[in-house]
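This report refers to the structure that appears directly beneath it.
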Amino acid sequence: MKYVMTAAIAAATLAGCSQDDPTYSSFYSEAGSQLDAGGFGNATMNNSLVQSGQADYTINLARRFASEVNSTVNFAFNSAQLDASAQATLVQQANWIRQFPEVRFRVYGHTDLVGGNAYNQRLGLRRAQAVVAFLTSQGIDRGRLEAVASFGETQPVVATQNQERRNRRTVTEVSGFVQNHPAVLNGKYAEVIFRDYVTSATVGGQVTETEVAASGG
């Protein structure tokens with residue numbers, strides 16, 4: 001009897017609600033529908049990336065690249081030419097990048113604060129393009145250099161209105177994984193991490209595919 005009365009009260013309450021009323025919608029909608037604010041898919045994707053190791057490994061690899069290789073090259077005033085020092089640094093970058101064929105990289109161009117914003121935006125882009133061209137000449141697949149971007153004069157290292165070489169630079173960073181690479185497509189991130197582990201245990205950090213195949217657990 002008590003159950004019947006409760007059901008009757010609930011029915012009477014809902015009868016006074018329109019279909020646009022939240023109470024009506026939550027009662028008749030699919031369970032859990034009111035909880036999704038539109039970000040459920042993004043959260044699931046992020047969890048998948050973390051659980052598979054992709055997100056965490058990308059962050060760790062970016063930190064390693066920045067700590068083991070000079071990620072920055074500098075330029076002369078109003079120039080996008082790579083001098084001998086810049087080329088030597090980029091050779092080191094290319095050697096490091098070559099070890100990780102699954103990984104994409106992005107190059108950012110910067111300028112000092114001398115000159116107009118629009119001009120410096122274009123100059124920063126030319127510097128980034130020069131770096132990408134050089135890395136490509138070292139055997140790096142252009143498709144792995146995900147994007148070329150310019151911050152122009154908006155992110156100076158040294159806040160000065162004068163000419164400053166440290167502000168005239170490009171920065172190369174890890175940006176993610178090559179989506180169509182077999183190791184990534186098949187979700188075999190453990191293979192990437194294992195190869196990195198074996199490489200780190202060798203003198204000089206270089207290892208051949210034969211050494212990897214012959215190594216044991």
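Chain labels run A, B, ... following the order of the structure tokens; each chain numbers its residues from 1, and ligands are numbered from 1 in the order shown.
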
**Message:** Could you list, as JSON, numbers by chain, every residue within 10 Å of Asp83 of chain A, counting only C-alpha atoms and ignoring same-chain residues fewer than 4 positions away?
**Reply:** {"A": [73, 74, 75, 76, 87, 88]}

Please, could you write that set of residues out with N, CA, C and O atoms as an mmCIF file, in the first residue's frame?
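To be explicit, this is the file written out as part-v3.cif:
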data_model
loop_
_atom_site.group_PDB
_atom_site.id
_atom_site.type_symbol
_atom_site.label_atom_id
_atom_site.label_comp_id
_atom_site.auth_asym_id
_atom_site.auth_seq_id
_atom_site.Cartn_x
_atom_site.Cartn_y
_atom_site.Cartn_z
ATOM 1 N N VAL A 73 68.460 27.367 -31.539
ATOM 2 C CA VAL A 73 69.519 27.956 -32.355
ATOM 3 C C VAL A 73 69.241 29.447 -32.490
ATOM 4 O O VAL A 73 68.083 29.875 -32.482
ATOM 5 N N ASN A 74 70.300 30.237 -32.601
ATOM 6 C CA ASN A 74 70.173 31.700 -32.656
ATOM 7 C C ASN A 74 70.580 32.243 -34.015
ATOM 8 O O ASN A 74 71.253 31.572 -34.798
ATOM 9 N N PHE A 75 70.164 33.485 -34.279
ATOM 10 C CA PHE A 75 70.357 34.083 -35.598
ATOM 11 C C PHE A 75 70.942 35.481 -35.479
ATOM 12 O O PHE A 75 70.793 36.154 -34.447
ATOM 13 N N ALA A 76 71.578 35.902 -36.557
ATOM 14 C CA ALA A 76 72.048 37.282 -36.645
ATOM 15 C C ALA A 76 70.854 38.209 -36.802
ATOM 16 O O ALA A 76 69.737 37.775 -37.131
ATOM 17 N N GLN A 87 74.083 25.314 -37.396
ATOM 18 C CA GLN A 87 74.086 24.055 -38.142
ATOM 19 C C GLN A 87 74.609 22.904 -37.292
ATOM 20 O O GLN A 87 74.082 21.788 -37.351
ATOM 21 N N ALA A 88 75.642 23.171 -36.480
ATOM 22 C CA ALA A 88 76.179 22.119 -35.604
ATOM 23 C C ALA A 88 75.124 21.668 -34.600
ATOM 24 O O ALA A 88 74.977 20.469 -34.326
#

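Using only C-alpha atoms, the protein and nucleic acid residues lying no more than 7 Å from Gly176 of chain A, apart from those fewer than 5 places from it along its own chain, are Thr58, Val103 and Arg104 of chain A.
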
**Request:** Pick out the residues sitting within 10 Å of segment 133-136 of chain A, and hand them over as number ranges by chain; count only C-alpha atoms, and ignore anything fewer than 6 positions along from it in its own chain.
**Result:** A: 82, 87, 90-95, 97, 127, 142-145

At a cut-off of 8 Å, can you tabulate as a tab-separated table every residue of segment 123-145 of chain A near segment 168-171 of chain A together with its closest atom pair and the distance in Å to one decimal, using only C-alpha atoms and ordering rows by chain then number?
residue	atom	partner	partner_atom	distance
A:Gly124	CA	A:Thr170	CA	7.8
A:Arg127	CA	A:Thr170	CA	6.7
A:Ala128	CA	A:Thr170	CA	6.0
A:Val131	CA	A:Thr170	CA	7.7

**One-decimal distance in Å that lies between atom CA of Phe151 of chain A and atom CA of Val114 of chain A** = 14.0 Å

**Request:** Name all residues at most 9 Å from Leu123 of chain A (count only C-alpha atoms; drop same-chain ones fewer than 6 positions away) and give them as a ChimeraX atom specification.
**Result:** /A:78-80,109-111,150,152

Using N, CA and C atoms, can you write the selected residues to a file as a tab-separated table (two decimals), in the first residue's frame?
chain	number	residue	atom	x	y	z
A	78	ASN	N	68.07	40.47	-38.12
A	78	ASN	CA	67.32	40.57	-39.36
A	78	ASN	C	67.74	39.49	-40.37
A	79	SER	N	68.02	38.29	-39.87
A	79	SER	CA	68.50	37.22	-40.73
A	79	SER	C	67.83	35.90	-40.38
A	80	ALA	N	67.66	35.06	-41.41
A	80	ALA	CA	67.18	33.71	-41.21
A	80	ALA	C	68.22	32.69	-41.66
A	109	GLY	N	59.54	29.79	-34.34
A	109	GLY	CA	60.45	30.88	-34.66
A	109	GLY	C	60.19	32.11	-33.80
A	110	HIS	N	61.26	32.80	-33.41
A	110	HIS	CA	61.16	34.00	-32.56
A	110	HIS	C	62.09	35.09	-33.10
A	111	THR	N	61.81	36.33	-32.70
A	111	THR	CA	62.66	37.47	-33.05
A	111	THR	C	62.90	38.30	-31.80
A	150	SER	N	55.38	30.66	-35.83
A	150	SER	CA	56.16	31.84	-35.48
A	150	SER	C	55.47	32.60	-34.36
A	152	GLY	N	57.09	35.40	-33.48
A	152	GLY	CA	57.60	36.75	-33.72
A	152	GLY	C	58.33	37.28	-32.51

Long-range neighbours of Thr172 of chain A as an mmCIF file with all heavy atoms, in the first residue's frame, 7 Å cut-off, only C-alpha atoms, 5 positions minimum in chain:
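New file selection.cif:
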data_model
loop_
_atom_site.group_PDB
_atom_site.id
_atom_site.type_symbol
_atom_site.label_atom_id
_atom_site.label_comp_id
_atom_site.auth_asym_id
_atom_site.auth_seq_id
_atom_site.Cartn_x
_atom_site.Cartn_y
_atom_site.Cartn_z
ATOM 1 N N SER A 71 67.982 22.589 -27.805
ATOM 2 C CA SER A 71 66.801 22.706 -28.658
ATOM 3 C C SER A 71 66.694 24.063 -29.342
ATOM 4 O O SER A 71 65.778 24.284 -30.130
ATOM 5 C CB SER A 71 65.530 22.465 -27.824
ATOM 6 O OG SER A 71 65.440 23.418 -26.778
ATOM 7 N N THR A 72 67.638 24.976 -29.052
ATOM 8 C CA THR A 72 67.559 26.352 -29.542
ATOM 9 C C THR A 72 68.737 26.687 -30.444
ATOM 10 O O THR A 72 69.881 26.318 -30.153
ATOM 11 C CB THR A 72 67.549 27.336 -28.357
ATOM 12 O OG1 THR A 72 66.432 27.040 -27.513
ATOM 13 C CG2 THR A 72 67.460 28.779 -28.835
ATOM 14 N N PHE A 105 57.842 16.470 -34.343
ATOM 15 C CA PHE A 105 58.481 17.634 -33.733
ATOM 16 C C PHE A 105 57.922 18.905 -34.364
ATOM 17 O O PHE A 105 57.507 18.906 -35.514
ATOM 18 C CB PHE A 105 60.003 17.583 -33.935
ATOM 19 C CG PHE A 105 60.669 16.472 -33.170
ATOM 20 C CD1 PHE A 105 60.621 15.163 -33.628
ATOM 21 C CD2 PHE A 105 61.331 16.733 -31.982
ATOM 22 C CE1 PHE A 105 61.214 14.132 -32.916
ATOM 23 C CE2 PHE A 105 61.928 15.716 -31.257
ATOM 24 C CZ PHE A 105 61.873 14.413 -31.729
ATOM 25 N N ARG A 106 57.926 19.981 -33.580
ATOM 26 C CA ARG A 106 57.451 21.273 -34.060
ATOM 27 C C ARG A 106 58.557 22.305 -33.830
ATOM 28 O O ARG A 106 59.240 22.279 -32.818
ATOM 29 C CB ARG A 106 56.177 21.686 -33.315
ATOM 30 C CG ARG A 106 55.591 23.003 -33.805
ATOM 31 C CD ARG A 106 54.322 23.366 -33.035
ATOM 32 N NE ARG A 106 53.225 22.469 -33.378
ATOM 33 C CZ ARG A 106 52.579 21.706 -32.507
ATOM 34 N NH1 ARG A 106 52.931 21.697 -31.234
ATOM 35 N NH2 ARG A 106 51.575 20.942 -32.891
ATOM 36 N N VAL A 107 58.712 23.209 -34.786
ATOM 37 C CA VAL A 107 59.731 24.254 -34.696
ATOM 38 C C VAL A 107 59.053 25.607 -34.573
ATOM 39 O O VAL A 107 58.187 25.954 -35.382
ATOM 40 C CB VAL A 107 60.659 24.236 -35.935
ATOM 41 C CG1 VAL A 107 61.709 25.324 -35.816
ATOM 42 C CG2 VAL A 107 61.322 22.871 -36.084
ATOM 43 N N TYR A 108 59.430 26.370 -33.555
ATOM 44 C CA TYR A 108 58.880 27.701 -33.310
ATOM 45 C C TYR A 108 59.938 28.756 -33.613
ATOM 46 O O TYR A 108 61.090 28.644 -33.187
ATOM 47 C CB TYR A 108 58.441 27.846 -31.849
ATOM 48 C CG TYR A 108 57.350 26.893 -31.433
ATOM 49 C CD1 TYR A 108 57.658 25.674 -30.832
ATOM 50 C CD2 TYR A 108 56.012 27.215 -31.633
ATOM 51 C CE1 TYR A 108 56.651 24.803 -30.443
ATOM 52 C CE2 TYR A 108 55.008 26.343 -31.245
ATOM 53 C CZ TYR A 108 55.329 25.138 -30.655
ATOM 54 O OH TYR A 108 54.339 24.271 -30.279
#

**Prompt:** Excluding same-chain residues fewer than 4 positions from Gln161 of chain A, what lies within 10 Å of it counting only C-alpha atoms, as a list in words?
**Reply:** Asp112, Leu113, Val114, Gly115 and Pro156 of chain A

Residues from last step as file, all heavy atoms, as an mmCIF file, in the first residue's frame:
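Dumped everything to selection22.cif:
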data_model
loop_
_atom_site.group_PDB
_atom_site.id
_atom_site.type_symbol
_atom_site.label_atom_id
_atom_site.label_comp_id
_atom_site.auth_asym_id
_atom_site.auth_seq_id
_atom_site.Cartn_x
_atom_site.Cartn_y
_atom_site.Cartn_z
ATOM 1 N N ASP A 112 63.793 39.300 -31.938
ATOM 2 C CA ASP A 112 63.903 40.271 -30.841
ATOM 3 C C ASP A 112 62.831 41.338 -31.031
ATOM 4 O O ASP A 112 61.980 41.239 -31.916
ATOM 5 C CB ASP A 112 65.312 40.853 -30.732
ATOM 6 C CG ASP A 112 65.768 41.577 -32.000
ATOM 7 O OD1 ASP A 112 64.890 42.047 -32.765
ATOM 8 O OD2 ASP A 112 66.978 41.696 -32.227
ATOM 9 N N LEU A 113 62.843 42.363 -30.201
ATOM 10 C CA LEU A 113 61.753 43.342 -30.195
ATOM 11 C C LEU A 113 62.001 44.543 -31.109
ATOM 12 O O LEU A 113 61.251 45.515 -31.076
ATOM 13 C CB LEU A 113 61.487 43.830 -28.764
ATOM 14 C CG LEU A 113 60.578 42.921 -27.917
ATOM 15 C CD1 LEU A 113 61.242 41.592 -27.636
ATOM 16 C CD2 LEU A 113 60.188 43.589 -26.615
ATOM 17 N N VAL A 114 63.029 44.477 -31.919
ATOM 18 C CA VAL A 114 63.322 45.565 -32.849
ATOM 19 C C VAL A 114 62.521 45.342 -34.130
ATOM 20 O O VAL A 114 62.593 44.273 -34.733
ATOM 21 C CB VAL A 114 64.827 45.632 -33.160
ATOM 22 C CG1 VAL A 114 65.094 46.756 -34.158
ATOM 23 C CG2 VAL A 114 65.629 45.840 -31.884
ATOM 24 N N GLY A 115 61.750 46.350 -34.558
ATOM 25 C CA GLY A 115 60.966 46.222 -35.780
ATOM 26 C C GLY A 115 59.493 46.034 -35.499
ATOM 27 O O GLY A 115 59.068 45.904 -34.344
ATOM 28 N N PRO A 156 59.952 37.049 -25.821
ATOM 29 C CA PRO A 156 61.396 37.268 -25.690
ATOM 30 C C PRO A 156 61.976 36.534 -24.486
ATOM 31 O O PRO A 156 61.306 36.380 -23.455
ATOM 32 C CB PRO A 156 61.498 38.782 -25.511
ATOM 33 C CG PRO A 156 60.198 39.168 -24.877
ATOM 34 C CD PRO A 156 59.173 38.260 -25.493
#

**Request:** Quick one: pull the distance between atom CA of Ala130 of chain A and atom CA of Val148 of chain A, Å, one decimal.
**Result:**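 Computed distance, atom CA of Ala130 of chain A to atom CA of Val148 of chain A, equals 10.0 Å.
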